[in-house]
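Here is protein_18.cif, consisting of mmCIF, C-alpha atoms:
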data_coords
loop_
_atom_site.group_PDB
_atom_site.id
_atom_site.type_symbol
_atom_site.label_atom_id
_atom_site.label_comp_id
_atom_site.auth_asym_id
_atom_site.auth_seq_id
_atom_site.Cartn_x
_atom_site.Cartn_y
_atom_site.Cartn_z
ATOM 1 C CA MET A 1 -36.084 -9.256 -89.892
ATOM 2 C CA GLU A 2 -33.762 -7.186 -87.772
ATOM 3 C CA THR A 3 -33.219 -3.623 -88.990
ATOM 4 C CA PRO A 4 -29.560 -2.535 -89.352
ATOM 5 C CA GLU A 5 -28.535 -0.024 -86.761
ATOM 6 C CA VAL A 6 -27.309 2.901 -88.806
ATOM 7 C CA LEU A 7 -30.660 3.221 -90.531
ATOM 8 C CA THR A 8 -32.692 3.382 -87.351
ATOM 9 C CA ASP A 9 -33.257 5.191 -84.146
ATOM 10 C CA LEU A 10 -30.454 7.677 -83.716
ATOM 11 C CA ASP A 11 -32.687 9.483 -81.208
ATOM 12 C CA ALA A 12 -30.127 10.101 -78.476
ATOM 13 C CA ALA A 13 -31.422 10.357 -74.920
ATOM 14 C CA ARG A 14 -32.958 13.647 -73.894
ATOM 15 C CA THR A 15 -31.244 15.768 -71.265
ATOM 16 C CA SER A 16 -31.722 14.327 -67.790
ATOM 17 C CA SER A 17 -30.533 15.760 -64.509
ATOM 18 C CA THR A 18 -30.339 12.314 -62.959
ATOM 19 C CA THR A 19 -28.487 10.414 -65.666
ATOM 20 C CA GLY A 20 -26.366 13.224 -67.071
ATOM 21 C CA SER A 21 -27.295 12.237 -70.628
ATOM 22 C CA VAL A 22 -27.345 14.896 -73.346
ATOM 23 C CA ARG A 23 -29.450 15.762 -76.345
ATOM 24 C CA LYS A 24 -28.488 14.279 -79.670
ATOM 25 C CA LYS A 25 -26.294 16.472 -81.895
ATOM 26 C CA LEU A 26 -26.382 14.441 -85.117
ATOM 27 C CA PRO A 27 -29.277 13.352 -87.362
ATOM 28 C CA GLU A 28 -30.952 10.018 -87.810
ATOM 29 C CA VAL A 29 -29.346 8.040 -90.627
ATOM 30 C CA THR A 30 -32.379 7.255 -92.763
ATOM 31 C CA PRO A 31 -32.941 7.160 -96.537
ATOM 32 C CA ALA A 32 -33.734 10.897 -96.312
ATOM 33 C CA PHE A 33 -30.281 11.423 -94.769
ATOM 34 C CA TRP A 34 -28.602 9.895 -97.823
ATOM 35 C CA VAL A 35 -30.742 11.928 -100.235
ATOM 36 C CA MET A 36 -29.691 15.110 -98.439
ATOM 37 C CA LYS A 37 -26.060 13.966 -98.353
ATOM 38 C CA ILE A 38 -25.987 13.420 -102.124
ATOM 39 C CA ALA A 39 -27.760 16.752 -102.731
ATOM 40 C CA ALA A 40 -25.272 18.574 -100.469
ATOM 41 C CA THR A 41 -22.216 16.945 -102.027
ATOM 42 C CA THR A 42 -23.457 17.575 -105.577
ATOM 43 C CA LEU A 43 -24.057 21.219 -104.643
ATOM 44 C CA GLY A 44 -20.599 21.298 -103.063
ATOM 45 C CA GLU A 45 -19.109 20.263 -106.414
ATOM 46 C CA THR A 46 -21.042 22.781 -108.531
ATOM 47 C CA ALA A 47 -20.648 25.644 -106.026
ATOM 48 C CA GLY A 48 -16.932 24.987 -105.553
ATOM 49 C CA ASP A 49 -16.441 25.056 -109.333
ATOM 50 C CA LEU A 50 -18.600 28.187 -109.539
ATOM 51 C CA PHE A 51 -16.293 30.142 -107.235
ATOM 52 C CA ALA A 52 -12.976 28.699 -108.367
ATOM 53 C CA GLN A 53 -13.531 28.333 -112.119
ATOM 54 C CA THR A 54 -16.566 30.290 -113.329
ATOM 55 C CA LEU A 55 -15.803 33.351 -111.182
ATOM 56 C CA LYS A 56 -12.065 32.694 -111.706
ATOM 57 C CA LEU A 57 -11.099 33.097 -108.043
ATOM 58 C CA GLY A 58 -8.793 30.108 -108.371
ATOM 59 C CA TYR A 59 -8.413 27.007 -106.225
ATOM 60 C CA PHE A 60 -6.035 28.529 -103.675
ATOM 61 C CA LEU A 61 -8.038 31.634 -102.740
ATOM 62 C CA THR A 62 -11.369 29.807 -102.911
ATOM 63 C CA THR A 63 -10.088 27.030 -100.636
ATOM 64 C CA ILE A 64 -8.979 29.574 -98.031
ATOM 65 C CA VAL A 65 -12.323 31.384 -98.111
ATOM 66 C CA LEU A 66 -14.388 28.194 -98.019
ATOM 67 C CA PHE A 67 -12.279 26.731 -95.218
ATOM 68 C CA LEU A 68 -13.028 29.848 -93.159
ATOM 69 C CA VAL A 69 -16.727 29.346 -93.961
ATOM 70 C CA PHE A 70 -16.372 25.761 -92.757
ATOM 71 C CA VAL A 71 -14.814 26.926 -89.472
ATOM 72 C CA VAL A 72 -17.647 29.409 -88.867
ATOM 73 C CA THR A 73 -20.372 26.869 -89.604
ATOM 74 C CA LEU A 74 -18.600 24.274 -87.472
ATOM 75 C CA VAL A 75 -18.404 26.631 -84.484
ATOM 76 C CA VAL A 76 -22.157 27.216 -84.749
ATOM 77 C CA GLN A 77 -22.761 23.451 -84.861
ATOM 78 C CA LEU A 78 -20.442 22.748 -81.910
ATOM 79 C CA ARG A 79 -22.025 25.463 -79.776
ATOM 80 C CA SER A 80 -25.503 24.129 -80.414
ATOM 81 C CA SER A 81 -26.949 22.111 -77.547
ATOM 82 C CA ARG A 82 -28.937 19.774 -79.786
ATOM 83 C CA TYR A 83 -29.428 18.720 -83.397
ATOM 84 C CA HIS A 84 -30.491 21.487 -85.775
ATOM 85 C CA PRO A 85 -30.872 20.369 -89.423
ATOM 86 C CA PHE A 86 -29.831 23.772 -90.781
ATOM 87 C CA PHE A 87 -26.677 23.848 -88.648
ATOM 88 C CA TYR A 88 -25.674 20.270 -89.424
ATOM 89 C CA TRP A 89 -26.304 20.346 -93.171
ATOM 90 C CA THR A 90 -24.661 23.739 -93.552
ATOM 91 C CA VAL A 91 -21.481 22.207 -92.177
ATOM 92 C CA ILE A 92 -21.832 19.248 -94.553
ATOM 93 C CA LEU A 93 -22.254 21.684 -97.442
ATOM 94 C CA SER A 94 -19.266 23.785 -96.391
ATOM 95 C CA THR A 95 -17.053 20.686 -96.122
ATOM 96 C CA SER A 96 -18.214 19.612 -99.583
ATOM 97 C CA MET A 97 -17.395 22.993 -101.137
ATOM 98 C CA ALA A 98 -14.048 23.296 -99.357
ATOM 99 C CA GLY A 99 -13.270 19.674 -100.184
ATOM 100 C CA THR A 100 -13.954 20.316 -103.867
ATOM 101 C CA THR A 101 -11.486 23.178 -104.214
ATOM 102 C CA LEU A 102 -8.909 21.643 -101.853
ATOM 103 C CA SER A 103 -8.921 18.444 -103.896
ATOM 104 C CA ASP A 104 -8.579 20.438 -107.133
ATOM 105 C CA PHE A 105 -5.696 22.446 -105.672
ATOM 106 C CA MET A 106 -3.903 19.271 -104.612
ATOM 107 C CA ASN A 107 -4.424 17.363 -107.835
ATOM 108 C CA ARG A 108 -4.377 19.977 -110.589
ATOM 109 C CA ASP A 109 -1.972 22.628 -111.907
ATOM 110 C CA ALA A 110 -1.856 25.381 -114.522
ATOM 111 C CA GLY A 111 -1.386 22.934 -117.390
ATOM 112 C CA ALA A 112 -3.529 22.937 -120.496
ATOM 113 C CA THR A 113 -5.321 19.830 -119.212
ATOM 114 C CA TYR A 114 -7.086 21.878 -116.535
ATOM 115 C CA LEU A 115 -7.232 25.356 -118.098
ATOM 116 C CA SER A 116 -9.313 26.231 -121.144
ATOM 117 C CA ASN A 117 -9.360 28.935 -123.832
ATOM 118 C CA GLY A 118 -5.597 29.334 -123.783
ATOM 119 C CA ALA A 119 -5.529 30.602 -120.191
ATOM 120 C CA THR A 120 -2.270 30.288 -118.261
ATOM 121 C CA ARG A 121 -3.557 31.126 -114.780
ATOM 122 C CA LEU A 122 -6.722 30.632 -112.738
ATOM 123 C CA GLY A 123 -7.159 33.202 -110.005
ATOM 124 C CA TRP A 124 -4.745 34.542 -107.424
ATOM 125 C CA GLY A 125 -1.972 32.614 -105.727
ATOM 126 C CA PRO A 126 -0.455 29.191 -106.427
ATOM 127 C CA GLN A 127 -2.231 27.388 -109.253
ATOM 128 C CA GLY A 128 -2.081 23.905 -107.755
ATOM 129 C CA LEU A 129 0.280 21.204 -106.581
ATOM 130 C CA GLY A 130 -0.276 18.967 -109.608
ATOM 131 C CA LEU A 131 -0.130 15.729 -107.608
ATOM 132 C CA GLY A 132 -2.641 13.952 -109.818
ATOM 133 C CA TYR A 133 -5.803 12.164 -108.709
ATOM 134 C CA PRO A 134 -4.250 8.815 -107.623
ATOM 135 C CA ALA A 135 -1.537 10.457 -105.498
ATOM 136 C CA GLY A 136 -3.968 12.985 -104.031
ATOM 137 C CA ALA A 137 -6.458 10.248 -103.169
ATOM 138 C CA ALA A 138 -3.710 8.130 -101.561
ATOM 139 C CA ILE A 139 -2.614 11.045 -99.347
ATOM 140 C CA LEU A 140 -6.172 11.847 -98.305
ATOM 141 C CA LEU A 141 -6.946 8.192 -97.609
ATOM 142 C CA SER A 142 -3.868 8.018 -95.352
ATOM 143 C CA VAL A 143 -5.008 11.116 -93.461
ATOM 144 C CA LEU A 144 -8.518 9.695 -93.066
ATOM 145 C CA LEU A 145 -7.155 6.383 -91.734
ATOM 146 C CA ALA A 146 -4.956 8.324 -89.290
ATOM 147 C CA ILE A 147 -8.043 10.153 -87.998
ATOM 148 C CA PHE A 148 -9.893 6.875 -87.503
ATOM 149 C CA LEU A 149 -6.849 5.417 -85.729
ATOM 150 C CA ALA A 150 -6.724 8.389 -83.354
ATOM 151 C CA TRP A 151 -10.470 7.990 -82.856
ATOM 152 C CA LYS A 152 -10.030 4.306 -82.018
ATOM 153 C CA VAL A 153 -7.130 4.969 -79.620
ATOM 154 C CA SER A 154 -9.141 7.673 -77.845
ATOM 155 C CA GLY A 155 -11.634 5.012 -76.777
ATOM 156 C CA MET A 156 -14.607 7.118 -77.868
ATOM 157 C CA THR A 157 -17.542 5.463 -79.569
ATOM 158 C CA PHE A 158 -17.975 5.307 -83.320
ATOM 159 C CA GLN A 159 -21.755 5.123 -82.860
ATOM 160 C CA ILE A 160 -23.186 8.281 -84.352
ATOM 161 C CA ARG A 161 -26.064 8.548 -81.901
ATOM 162 C CA ASP A 162 -23.607 8.570 -78.980
ATOM 163 C CA ILE A 163 -21.218 11.272 -80.242
ATOM 164 C CA VAL A 164 -22.021 14.008 -77.747
ATOM 165 C CA THR A 165 -18.661 15.340 -76.515
ATOM 166 C CA PHE A 166 -16.635 18.166 -78.021
ATOM 167 C CA ARG A 167 -13.674 15.889 -78.733
ATOM 168 C CA GLY A 168 -15.937 13.277 -80.313
ATOM 169 C CA GLU A 169 -17.538 15.864 -82.569
ATOM 170 C CA ALA A 170 -14.125 17.284 -83.496
ATOM 171 C CA LEU A 171 -13.003 13.843 -84.657
ATOM 172 C CA PHE A 172 -16.294 13.303 -86.470
ATOM 173 C CA TRP A 173 -16.096 16.580 -88.406
ATOM 174 C CA SER A 174 -12.395 16.089 -89.177
ATOM 175 C CA ALA A 175 -13.298 12.756 -90.748
ATOM 176 C CA ILE A 176 -16.165 14.405 -92.640
ATOM 177 C CA LEU A 177 -13.930 17.114 -94.113
ATOM 178 C CA VAL A 178 -11.232 14.677 -95.222
ATOM 179 C CA SER A 179 -13.725 12.112 -96.537
ATOM 180 C CA ASN A 180 -15.472 14.748 -98.653
ATOM 181 C CA THR A 181 -12.119 15.898 -100.050
ATOM 182 C CA LEU A 182 -11.131 12.291 -100.736
ATOM 183 C CA GLY A 183 -14.457 11.655 -102.426
ATOM 184 C CA THR A 184 -13.882 14.618 -104.727
ATOM 185 C CA SER A 185 -10.527 13.192 -105.851
ATOM 186 C CA MET A 186 -12.141 9.810 -106.466
ATOM 187 C CA GLY A 187 -15.013 11.354 -108.415
ATOM 188 C CA ASP A 188 -12.737 13.475 -110.583
ATOM 189 C CA PHE A 189 -10.560 10.457 -111.307
ATOM 190 C CA LEU A 190 -13.589 8.419 -112.384
ATOM 191 C CA SER A 191 -14.938 11.266 -114.529
ATOM 192 C CA ASP A 192 -11.742 12.588 -116.090
ATOM 193 C CA SER A 193 -9.076 9.866 -116.046
ATOM 194 C CA SER A 194 -10.720 6.450 -115.897
ATOM 195 C CA GLY A 195 -12.432 6.616 -119.272
ATOM 196 C CA LEU A 196 -15.850 5.995 -117.713
ATOM 197 C CA GLY A 197 -17.042 9.556 -118.156
ATOM 198 C CA TYR A 198 -19.490 11.362 -115.885
ATOM 199 C CA ALA A 199 -22.457 9.024 -116.351
ATOM 200 C CA GLY A 200 -20.285 5.899 -116.213
ATOM 201 C CA GLY A 201 -18.559 7.048 -113.034
ATOM 202 C CA ALA A 202 -21.901 7.804 -111.394
ATOM 203 C CA LEU A 203 -23.249 4.380 -112.353
ATOM 204 C CA LEU A 204 -20.157 2.653 -110.959
ATOM 205 C CA VAL A 205 -20.467 4.441 -107.607
ATOM 206 C CA THR A 206 -24.209 3.757 -107.499
ATOM 207 C CA GLY A 207 -23.498 0.066 -107.994
ATOM 208 C CA ALA A 208 -20.942 0.096 -105.169
ATOM 209 C CA LEU A 209 -23.492 1.770 -102.881
ATOM 210 C CA ALA A 210 -26.042 -0.917 -103.782
ATOM 211 C CA VAL A 211 -23.514 -3.579 -102.712
ATOM 212 C CA LEU A 212 -23.035 -1.774 -99.392
ATOM 213 C CA ALA A 213 -26.801 -1.695 -98.872
ATOM 214 C CA ALA A 214 -26.920 -5.461 -99.411
ATOM 215 C CA LEU A 215 -24.028 -6.009 -96.983
ATOM 216 C CA MET A 216 -26.021 -4.287 -94.240
ATOM 217 C CA ARG A 217 -27.957 -7.537 -93.922
ATOM 218 C CA VAL A 218 -24.750 -9.482 -93.265
ATOM 219 C CA ARG A 219 -24.235 -9.730 -89.524
ATOM 220 C CA ALA A 220 -20.481 -10.204 -89.752
ATOM 221 C CA VAL A 221 -19.967 -6.792 -91.384
ATOM 222 C CA PRO A 222 -20.020 -3.861 -88.899
ATOM 223 C CA ASN A 223 -22.582 -1.254 -89.852
ATOM 224 C CA VAL A 224 -20.328 1.598 -88.762
ATOM 225 C CA LEU A 225 -17.744 0.478 -91.334
ATOM 226 C CA LEU A 226 -20.400 0.364 -94.043
ATOM 227 C CA PHE A 227 -21.610 3.816 -93.015
ATOM 228 C CA TRP A 228 -18.211 5.443 -93.464
ATOM 229 C CA ILE A 229 -17.527 3.688 -96.768
ATOM 230 C CA ALA A 230 -20.930 4.855 -98.000
ATOM 231 C CA PHE A 231 -20.269 8.349 -96.680
ATOM 232 C CA VAL A 232 -17.054 8.536 -98.707
ATOM 233 C CA LEU A 233 -18.638 7.047 -101.834
ATOM 234 C CA THR A 234 -21.585 9.442 -101.888
ATOM 235 C CA ARG A 235 -19.039 12.222 -102.417
ATOM 236 C CA PRO A 236 -17.690 10.914 -105.770
ATOM 237 C CA LEU A 237 -21.313 10.277 -106.724
ATOM 238 C CA GLY A 238 -22.018 13.952 -106.054
ATOM 239 C CA ALA A 239 -18.815 14.971 -107.861
ATOM 240 C CA THR A 240 -19.640 12.991 -111.003
ATOM 241 C CA ALA A 241 -23.275 14.110 -110.912
ATOM 242 C CA GLY A 242 -22.189 17.745 -110.511
ATOM 243 C CA ASP A 243 -19.758 17.471 -113.422
ATOM 244 C CA PHE A 244 -22.438 15.780 -115.529
ATOM 245 C CA LEU A 245 -24.749 18.751 -114.917
ATOM 246 C CA THR A 246 -22.200 21.497 -115.576
ATOM 247 C CA LYS A 247 -19.583 20.300 -118.070
ATOM 248 C CA PRO A 248 -19.875 20.932 -121.831
ATOM 249 C CA VAL A 249 -21.806 18.512 -124.009
ATOM 250 C CA ALA A 250 -18.592 17.792 -125.936
ATOM 251 C CA LYS A 251 -17.119 16.359 -122.731
ATOM 252 C CA GLY A 252 -20.203 14.293 -121.915
ATOM 253 C CA GLY A 253 -22.011 16.796 -119.689
ATOM 254 C CA LEU A 254 -25.333 18.619 -119.944
ATOM 255 C CA ASP A 255 -23.730 22.103 -119.963
ATOM 256 C CA LEU A 256 -26.289 23.550 -117.550
ATOM 257 C CA GLY A 257 -23.645 25.806 -116.011
ATOM 258 C CA THR A 258 -22.361 26.023 -112.449
ATOM 259 C CA ALA A 259 -24.571 28.979 -111.475
ATOM 260 C CA GLY A 260 -27.886 27.520 -112.622
ATOM 261 C CA SER A 261 -27.121 24.028 -111.333
ATOM 262 C CA SER A 262 -26.006 25.411 -107.958
ATOM 263 C CA ALA A 263 -29.178 27.515 -107.613
ATOM 264 C CA VAL A 264 -31.449 24.533 -108.295
ATOM 265 C CA LEU A 265 -29.507 22.222 -105.971
ATOM 266 C CA LEU A 266 -29.482 24.889 -103.240
ATOM 267 C CA ALA A 267 -33.269 25.207 -103.474
ATOM 268 C CA VAL A 268 -33.643 21.411 -103.252
ATOM 269 C CA LEU A 269 -31.295 21.171 -100.264
ATOM 270 C CA PHE A 270 -32.979 24.033 -98.417
ATOM 271 C CA GLY A 271 -36.364 22.442 -99.012
ATOM 272 C CA LEU A 272 -35.122 19.160 -97.518
ATOM 273 C CA MET A 273 -33.550 21.010 -94.596
ATOM 274 C CA ALA A 274 -36.801 22.849 -93.897
ATOM 275 C CA HIS A 275 -38.701 19.547 -93.963
ATOM 276 C CA ALA A 276 -36.190 18.019 -91.540
ATOM 277 C CA GLN A 277 -36.512 21.044 -89.252
ATOM 278 C CA VAL A 278 -40.299 20.659 -89.155
ATOM 279 C CA ARG A 279 -39.917 16.976 -88.247
ATOM 280 C CA GLU A 280 -37.519 17.842 -85.426
ATOM 281 C CA ARG A 281 -39.942 20.383 -83.986
ATOM 282 C CA ARG A 282 -42.803 17.903 -84.105
ATOM 283 C CA ALA A 283 -40.648 15.284 -82.397
ATOM 284 C CA ALA A 284 -39.703 17.781 -79.691
ATOM 285 C CA VAL A 285 -43.349 18.349 -78.720
ATOM 286 C CA ARG A 286 -44.365 14.684 -79.045
ATOM 287 C CA PRO A 287 -45.951 13.394 -75.806
ATOM 288 C CA ALA A 288 -43.710 11.117 -73.786
ATOM 289 C CA GLY A 289 -46.083 8.196 -74.257
ATOM 290 C CA ALA A 290 -45.819 8.517 -78.032
ATOM 291 C CA GLU A 291 -42.083 7.821 -78.155
ATOM 292 C CA ARG A 292 -40.980 4.747 -80.001
ATOM 293 C CA ALA A 293 -40.280 1.572 -78.109
ATOM 294 C CA PRO A 294 -36.651 0.517 -77.820
ATOM 295 C CA VAL A 295 -35.314 -1.513 -80.725
ATOM 296 C CA THR A 296 -32.725 -4.236 -80.778
ATOM 297 C CA ARG A 297 -29.481 -2.895 -82.187
ATOM 298 C CA ARG A 298 -26.477 -4.496 -83.731
ATOM 299 C CA ALA A 299 -23.080 -3.595 -82.381
ATOM 300 C CA ASP A 300 -21.502 -1.108 -84.774
ATOM 301 C CA ARG A 301 -17.849 -1.152 -83.797
ATOM 302 C CA PRO A 302 -15.506 -2.444 -86.480
#
Please express the file's structure as structure tokens.
Amino acid sequence: METPEVLTDLDAARTSSTTGSVRKKLPEVTPAFWVMKIAATTLGETAGDLFAQTLKLGYFLTTIVLFLVFVVTLVVQLRSSRYHPFFYWTVILSTSMAGTTLSDFMNRDAGATYLSNGATRLGWGPQGLGLGYPAGAAILLSVLLAIFLAWKVSGMTFQIRDIVTFRGEALFWSAILVSNTLGTSMGDFLSDSSGLGYAGGALLVTGALAVLAALMRVRAVPNVLLFWIAFVLTRPLGATAGDFLTKPVAKGGLDLGTAGSSAVLLAVLFGLMAHAQVRERRAAVRPAGAERAPVTRRADRP
């Protein structure tokens, strides 16, 4: 049975003076990739809430600080000449944290619905735009579609293994940032407004991801489309899982706290990143004759 493309062989060509090819900058999309993505997005939810709510910095100030962190981590990733797990996943984490507080700032306000213990403010600066989850998600979805349209018009490939130019990476990371913010809005809507609760929202998203996995065997459905839908959906899964870990028992959570949950998730993510780094180093010293034979790939353009 043919293996779907996005789950195999994203080993981009090594640098060659004769062909002008470049080293890969992005990871292989394997089951381990999705485990790390969910861990990073869940940590992004708990860490974003830690800074904005537990430490009472507020959504506005926290979003500014975390966006600056995102810019710094992105510059490091863009300046790298090849794929480094720590660089890549740090950017994913920073987009998840910034996306969490940006989504909250867009969708929430200083109303009693979002503030507890009689508080009237949360941190410094504007308290939020109060757009609501549906409106916020609609705006973010429009922005994400606009990015993909610009990507399509540019003529650059959507194949992850072939994104090697600065402009291609800029489009890729723009889509990542917006998709993580969109996923936060979707996750909060499922947890807070849909009536499903944290566990119900997580189960719904897990079921949708299972459908996407099944569709990967359908030739007529482009794998790149399934990848981006899955990438967006893993964010609300992380958001609902993060809320389930940190919210009070009275609201359907486990009340483990944002600090403790974030520390555990950070340790898990760093362990996975270290394992990925070891694999990359082993692959780098692998003898040329030990490289995998070429595999037949499906076209991944929508």
>> Going by the chain IDs and residue numbers used in this file, which residues fall under the PyMOL selection byres ((chain A and resi 63) around 10)? Write them as a PyMOL selection string.
In response: chain A and resi 48+51-52+57-62+64-69+97-105
Take the selection from the previous step and output its residues with C-alpha atoms, as a PDB file, in the coordinates of the input.
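What follows is the written file result_7.pdb:
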ATOM      1  CA  GLY A  48     -16.932  24.987-105.553  1.00  0.00           C
ATOM      2  CA  PHE A  51     -16.293  30.142-107.235  1.00  0.00           C
ATOM      3  CA  ALA A  52     -12.976  28.699-108.367  1.00  0.00           C
ATOM      4  CA  LEU A  57     -11.099  33.097-108.043  1.00  0.00           C
ATOM      5  CA  GLY A  58      -8.793  30.108-108.371  1.00  0.00           C
ATOM      6  CA  TYR A  59      -8.413  27.007-106.225  1.00  0.00           C
ATOM      7  CA  PHE A  60      -6.035  28.529-103.675  1.00  0.00           C
ATOM      8  CA  LEU A  61      -8.038  31.634-102.740  1.00  0.00           C
ATOM      9  CA  THR A  62     -11.369  29.807-102.911  1.00  0.00           C
ATOM     10  CA  ILE A  64      -8.979  29.574 -98.031  1.00  0.00           C
ATOM     11  CA  VAL A  65     -12.323  31.384 -98.111  1.00  0.00           C
ATOM     12  CA  LEU A  66     -14.388  28.194 -98.019  1.00  0.00           C
ATOM     13  CA  PHE A  67     -12.279  26.731 -95.218  1.00  0.00           C
ATOM     14  CA  LEU A  68     -13.028  29.848 -93.159  1.00  0.00           C
ATOM     15  CA  VAL A  69     -16.727  29.346 -93.961  1.00  0.00           C
ATOM     16  CA  MET A  97     -17.395  22.993-101.137  1.00  0.00           C
ATOM     17  CA  ALA A  98     -14.048  23.296 -99.357  1.00  0.00           C
ATOM     18  CA  GLY A  99     -13.270  19.674-100.184  1.00  0.00           C
ATOM     19  CA  THR A 100     -13.954  20.316-103.867  1.00  0.00           C
ATOM     20  CA  THR A 101     -11.486  23.178-104.214  1.00  0.00           C
ATOM     21  CA  LEU A 102      -8.909  21.643-101.853  1.00  0.00           C
ATOM     22  CA  SER A 103      -8.921  18.444-103.896  1.00  0.00           C
ATOM     23  CA  ASP A 104      -8.579  20.438-107.133  1.00  0.00           C
ATOM     24  CA  PHE A 105      -5.696  22.446-105.672  1.00  0.00           C
TER      25      PHE A 105
END
> Could you write out as a VMD selection string the residues that the PyMOL selection byres ((chain A and resi 256) around 12) matches in the shown file?
Replying inline: chain A and resid 46 241 to 249 252 to 255 257 to 264
>> I'd like to see the residues matched by the PyMOL selection byres ((chain A and resi 84) around 12) on this file, and ideally I'd get them as a ChimeraX atom specification.
In response: /A:23-28,76-83,85-91,273-281,284
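The space separating CA of Arg108 in chain A from CA of Leu190 in chain A comes to 14.9 Å.
Using only C-alpha atoms, the smallest distance between any of A:Tyr198, A:Phe158, A:Trp34, A:Trp151 and Leu233 in chain A comes from A:Trp34.
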Fill-in result for range 77-88 of chain A, N, CA, C and O atoms as a tab-separated table (two decimals), in the frame of the given file:
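File result.tsv, as written:
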chain	number	residue	atom	x	y	z
A	77	GLN	N	-22.31	24.81	-85.14
A	77	GLN	CA	-22.76	23.45	-84.86
A	77	GLN	C	-22.27	22.97	-83.50
A	77	GLN	O	-23.03	22.39	-82.72
A	78	LEU	N	-21.00	23.22	-83.18
A	78	LEU	CA	-20.44	22.75	-81.91
A	78	LEU	C	-21.06	23.45	-80.71
A	78	LEU	O	-21.20	22.86	-79.64
A	79	ARG	N	-21.43	24.71	-80.88
A	79	ARG	CA	-22.02	25.46	-79.78
A	79	ARG	C	-23.50	25.14	-79.56
A	79	ARG	O	-24.06	25.46	-78.52
A	80	SER	N	-24.10	24.50	-80.56
A	80	SER	CA	-25.50	24.13	-80.41
A	80	SER	C	-25.65	23.03	-79.36
A	80	SER	O	-24.81	22.14	-79.25
A	81	SER	N	-26.73	23.09	-78.61
A	81	SER	CA	-26.95	22.11	-77.55
A	81	SER	C	-27.69	20.87	-78.03
A	81	SER	O	-27.77	19.88	-77.32
A	82	ARG	N	-28.22	20.92	-79.24
A	82	ARG	CA	-28.94	19.77	-79.79
A	82	ARG	C	-28.88	19.81	-81.31
A	82	ARG	O	-28.30	20.74	-81.89
A	83	TYR	N	-29.47	18.82	-81.94
A	83	TYR	CA	-29.43	18.72	-83.40
A	83	TYR	C	-30.34	19.74	-84.05
A	83	TYR	O	-31.52	19.80	-83.78
A	84	HIS	N	-29.75	20.56	-84.92
A	84	HIS	CA	-30.49	21.49	-85.78
A	84	HIS	C	-30.18	21.14	-87.22
A	84	HIS	O	-29.01	21.22	-87.64
A	85	PRO	N	-31.16	20.74	-88.03
A	85	PRO	CA	-30.87	20.37	-89.42
A	85	PRO	C	-30.13	21.44	-90.20
A	85	PRO	O	-29.20	21.13	-90.96
A	86	PHE	N	-30.50	22.72	-90.02
A	86	PHE	CA	-29.83	23.77	-90.78
A	86	PHE	C	-28.36	23.89	-90.38
A	86	PHE	O	-27.50	24.09	-91.24
A	87	PHE	N	-28.07	23.77	-89.10
A	87	PHE	CA	-26.68	23.85	-88.65
A	87	PHE	C	-25.87	22.68	-89.20
A	87	PHE	O	-24.79	22.85	-89.77
A	88	TYR	N	-26.40	21.47	-89.02
A	88	TYR	CA	-25.67	20.27	-89.42
A	88	TYR	C	-25.42	20.25	-90.93
A	88	TYR	O	-24.28	20.04	-91.38
